[in-house]
Protein chains: 2
Amino acid sequence: MRRLTHYPLCPHSRSIRLGLGELGLDFELVYEEPWAWRPSFLALNPSGSLPVLELEHGLVLCGTYSISEYLADAYPQHPADGGPAPICPGDYEMRAEIRRLVDWFHHKFDREVTRELLAEKHYQRVVMERGKSPNSEVLRAVAKNLRYHLDYVCFLVDHRSWLAGDDLSFADLAAGAHLSVLDYLDEIRWQDYPSASNWYVRLKSRKSFHPLLDDYLTAQPPAAHYADLDF
Amino acid sequence: MRRLTHYPLCPHSRSIRLGLGELGLDFELVYEEPWAWRPSFLALNPSGSLPVLELEHGLVLCGTYSISEYLADAYPQHPADGGPAPICPGDYEMRAEIRRLVDWFHHKFDREVTRELLAEKHYQRVVMERGKSPNSEVLRAVAKNLRYHLDYVCFLVDHRSWLAGDDLSFADLAAGAHLSVLDYLDEIRWQDYPSASNWYVRLKSRKSFHPLLDDYLTAQPPAAHYADLDF
């Protein structure tokens, strides 16, 4: 069986769990603590980043970019052919828009919001030094960035069915992965962003999303509403 | 004609200039200062990042990821068919390796080396506050990171013709883009890395590389050996 090495609150890992789920591909999860830099994990992926997907025939795919493009390449079928929908559907224009938004969430949003929040509210506080107070200046900057990004999600879904166009794509899965981490940490005031909230409810109602809603870290349990499909 | 909006020392822009060059595609360059955040540029690419490629029929491609995958999608021909070699050649395994290394250079190397060096030695010093001294602690950390990355380049080309395998690919172009920026700034002691040096000489001897070697910023001219094909 395919093996996905991941950490539950890693947004990159989450997007691949969603991608595999949307394509109906079975996989087993292998838990890895990204701060541990275990030699056997570095032998698997020298960059030390998550996730890593090992395929049955031995191919090892390192990182979201390599994995998601492999999934787009290897599973291009259309629902009309009886298969699941591809994660990077459409013509050149649609695919360019999907990748622009994947890049937006997996790099810009990650740098401006998720990575900083995880550092302040999870890694430093829970994992490394239990009880350390977050840096309030960083949190203020992140909160400002998050408002801007959530407004952008609202703008996109006010004009489209899904983030990149008419069809669900890996852009939604990447964005959903980041926002689900923030929602786990109770960092989103959904009532201020009704369009984004409506899109997120549609996304988290999908079968591929259910395993993410079951994630539970004993050291830092999720927000009370995290797994609630109606909020 | 295609228009590529770029900044001469932006490594992401450079990799796309190389990709277009390898594919034999004509384009005109539009100069953009990435720190200026001009409204008309943000209207073209809301993320504010470089490069942006505008195609003749109006399609706008934002960012290296979207552009390079478009170039891989749209120009998949093999030299045997009379066309230029594709920038993402090979089977699933080779393409996964190309993308792993593109991700390595455009994100890991960028974060650990290029972005920090450009901030300390170009943006802060030359562009924003002329003459400001770089932070020596940052420079020491960057120098250490750079040694590790150059050792990794040596390891790869000691075992392969090009970074990802037998054929030149976008992995070489991404890596070459970053290293050429560092070489412009005279930050690489090539004599300590003979294998990487040999690979870089092969790369910079290619026709696609020549325009990069002509880059010249009056405020910060290149290192004396920068355009020398023999060092």
# chains A, B, ... in the order shown; residues from 1 in each chain; ligands from 1
$ closest_atom_pairs --of "chain A" --to "chain B" --cutoff "12 Å" --atoms "only C-alpha atoms" --output "Markdown table"
| residue | atom | partner | partner_atom | distance |
| --- | --- | --- | --- | --- |
| A:Asn45 | CA | B:Arg100 | CA | 9.5 |
| A:Pro46 | CA | B:Trp104 | CA | 9.7 |
| A:Ser47 | CA | B:Trp104 | CA | 7.2 |
| A:Gly48 | CA | B:Lys108 | CA | 10.1 |
| A:Ser49 | CA | B:Lys108 | CA | 9.4 |
| A:Leu50 | CA | B:Arg100 | CA | 11.8 |
| A:Pro51 | CA | B:Arg100 | CA | 11.8 |
| A:Val52 | CA | B:Arg100 | CA | 10.7 |
| A:Leu53 | CA | B:Ala96 | CA | 11.0 |
| A:Glu54 | CA | B:Glu93 | CA | 11.7 |
| A:Leu55 | CA | B:Glu93 | CA | 10.9 |
| A:His57 | CA | B:Glu93 | CA | 11.0 |
| A:Gly58 | CA | B:Glu93 | CA | 10.0 |
| A:Leu59 | CA | B:Glu93 | CA | 6.7 |
| A:Val60 | CA | B:Glu93 | CA | 8.3 |
| A:Leu61 | CA | B:Ala96 | CA | 6.3 |
| A:Cys62 | CA | B:Arg100 | CA | 6.1 |
| A:Gly63 | CA | B:Arg100 | CA | 6.8 |
| A:Thr64 | CA | B:Arg100 | CA | 9.0 |
| A:Tyr65 | CA | B:Arg99 | CA | 6.7 |
| A:Ser66 | CA | B:Arg99 | CA | 5.1 |
| A:Ile67 | CA | B:Ala96 | CA | 7.4 |
| A:Ser68 | CA | B:Ala96 | CA | 9.8 |
| A:Glu69 | CA | B:Ala96 | CA | 8.1 |
| A:Tyr70 | CA | B:Ala96 | CA | 6.8 |
| A:Leu71 | CA | B:Tyr92 | CA | 10.1 |
| A:Ala72 | CA | B:Tyr92 | CA | 11.1 |
| A:Asp73 | CA | B:Tyr92 | CA | 8.2 |
| A:Ala74 | CA | B:Tyr92 | CA | 8.1 |
| A:Tyr75 | CA | B:Tyr92 | CA | 11.9 |
| A:Cys88 | CA | B:Glu69 | CA | 11.6 |
| A:Asp91 | CA | B:Asp73 | CA | 10.3 |
| A:Tyr92 | CA | B:Tyr70 | CA | 6.9 |
| A:Glu93 | CA | B:Leu59 | CA | 6.7 |
| A:Met94 | CA | B:Leu59 | CA | 10.2 |
| A:Arg95 | CA | B:Ser66 | CA | 8.0 |
| A:Ala96 | CA | B:Ser66 | CA | 5.2 |
| A:Glu97 | CA | B:Ser66 | CA | 7.6 |
| A:Ile98 | CA | B:Ser66 | CA | 8.2 |
| A:Arg99 | CA | B:Ser66 | CA | 5.1 |
| A:Arg100 | CA | B:Ser66 | CA | 5.6 |
| A:Leu101 | CA | B:Ser66 | CA | 9.1 |
| A:Val102 | CA | B:Tyr65 | CA | 9.1 |
| A:Asp103 | CA | B:Tyr65 | CA | 7.0 |
| A:Trp104 | CA | B:Ser47 | CA | 7.2 |
| A:Phe105 | CA | B:Ser47 | CA | 10.4 |
| A:His106 | CA | B:His107 | CA | 10.9 |
| A:His107 | CA | B:His107 | CA | 8.7 |
| A:Lys108 | CA | B:Ser47 | CA | 7.7 |
| A:Phe109 | CA | B:Ser47 | CA | 10.0 |
| A:Arg111 | CA | B:Arg111 | CA | 10.5 |
| A:Glu112 | CA | B:Ser47 | CA | 11.7 |
| A:Tyr148 | CA | B:Ser47 | CA | 11.5 |
| A:His149 | CA | B:Ser47 | CA | 10.5 |
| A:Tyr152 | CA | B:Pro46 | CA | 9.8 |
$ select_by_dssp --residues "stretch 8-222 of chain A" --states "strand (DSSP E or B)" --output "PyMOL selection string"
chain A and resi 27-31+52-54+60-62+162+165+217+220
$ write_last_selection --atoms "N, CA, C and O atoms" --output "compact mmCIF listing (two decimals), in the first residue's frame"
# COMPACT_ATOMS: atom_id res chain seq x y z
N PHE A 27 -4.11 4.79 1.16
CA PHE A 27 -2.75 5.01 1.65
C PHE A 27 -2.74 4.84 3.16
O PHE A 27 -3.77 4.99 3.82
N GLU A 28 -1.56 4.49 3.68
CA GLU A 28 -1.44 4.47 5.14
C GLU A 28 -0.58 5.65 5.56
O GLU A 28 0.32 6.08 4.82
N LEU A 29 -0.90 6.18 6.74
CA LEU A 29 -0.18 7.35 7.24
C LEU A 29 0.96 6.92 8.15
O LEU A 29 0.80 6.02 8.97
N VAL A 30 2.12 7.56 7.98
CA VAL A 30 3.25 7.35 8.87
C VAL A 30 3.52 8.70 9.55
O VAL A 30 3.73 9.71 8.88
N TYR A 31 3.48 8.70 10.88
CA TYR A 31 3.64 9.93 11.65
C TYR A 31 5.11 10.33 11.74
O TYR A 31 5.97 9.49 12.04
N VAL A 52 6.08 13.01 2.41
CA VAL A 52 6.75 12.10 1.47
C VAL A 52 5.78 10.97 1.14
O VAL A 52 5.18 10.40 2.04
N LEU A 53 5.61 10.70 -0.15
CA LEU A 53 4.73 9.61 -0.57
C LEU A 53 5.55 8.51 -1.19
O LEU A 53 6.30 8.74 -2.15
N GLU A 54 5.44 7.31 -0.60
CA GLU A 54 6.12 6.13 -1.17
C GLU A 54 5.08 5.28 -1.88
O GLU A 54 4.09 4.88 -1.27
N VAL A 60 9.67 7.09 -4.69
CA VAL A 60 9.53 7.97 -3.52
C VAL A 60 9.34 9.40 -4.03
O VAL A 60 10.17 9.92 -4.78
N LEU A 61 8.25 10.03 -3.63
CA LEU A 61 7.95 11.40 -4.06
C LEU A 61 8.09 12.33 -2.86
O LEU A 61 7.42 12.14 -1.84
N CYS A 62 8.97 13.33 -2.98
CA CYS A 62 9.28 14.21 -1.85
C CYS A 62 8.68 15.59 -2.03
O CYS A 62 9.01 16.29 -2.98
N TRP A 162 -15.57 27.30 -7.38
CA TRP A 162 -14.46 26.90 -6.53
C TRP A 162 -13.34 27.92 -6.72
O TRP A 162 -13.45 28.83 -7.55
N GLY A 165 -12.01 28.13 -10.41
CA GLY A 165 -12.97 28.13 -11.52
C GLY A 165 -14.19 27.28 -11.21
O GLY A 165 -14.61 27.17 -10.06
N LEU A 217 -4.54 15.92 18.49
CA LEU A 217 -3.26 15.87 19.19
C LEU A 217 -3.54 16.07 20.68
O LEU A 217 -4.10 17.10 21.07
N GLN A 220 -2.49 19.26 22.26
CA GLN A 220 -3.18 20.48 21.82
C GLN A 220 -4.45 20.05 21.06
O GLN A 220 -4.45 19.98 19.83
$ closest_residue --among "A:Leu4, A:Ile188, A:Arg140, A:Ala119" --to "A:Arg17" --atoms "only C-alpha atoms"
A:Leu4
$ residues_around --residues "B:Leu213" --least-positions-apart "3" --cutoff "12 Å" --atoms "only C-alpha atoms" --output "JSON, numbers by chain"
{"B": [8, 9, 14, 17, 18, 176, 177, 180, 181, 183, 184, 203, 204, 205, 206, 207, 208, 209, 210, 216, 217, 221, 222, 223, 224, 225, 226, 227, 228, 229]}
$ atom_distance --atom1 "atom CA of A:Glu116" --atom2 "atom CA of A:Val142"
7.2 Å
$ select_by_dssp --residues "stretch 129-227 of chain B" --states "alpha helix (DSSP H)" --output "ChimeraX atom specification"
/B:136-159,170-184,194-204,210-213
$ atom_distance --atom1 "atom CA of A:Ser15" --atom2 "atom CA of B:Pro11"
26.9 Å
$ closest_residue --among "B:Lys121, B:His159, B:Arg115, B:Arg189" --to "B:Asn135" --atoms "only C-alpha atoms"
B:Lys121
$ closest_residue --among "B:Val153, B:Cys10, B:Ala164, B:Leu173" --to "B:Ala196" --atoms "only C-alpha atoms"
B:Val153
$ atom_distance --atom1 "atom CA of B:Asp167" --atom2 "atom CA of B:Leu23"
14.2 Å
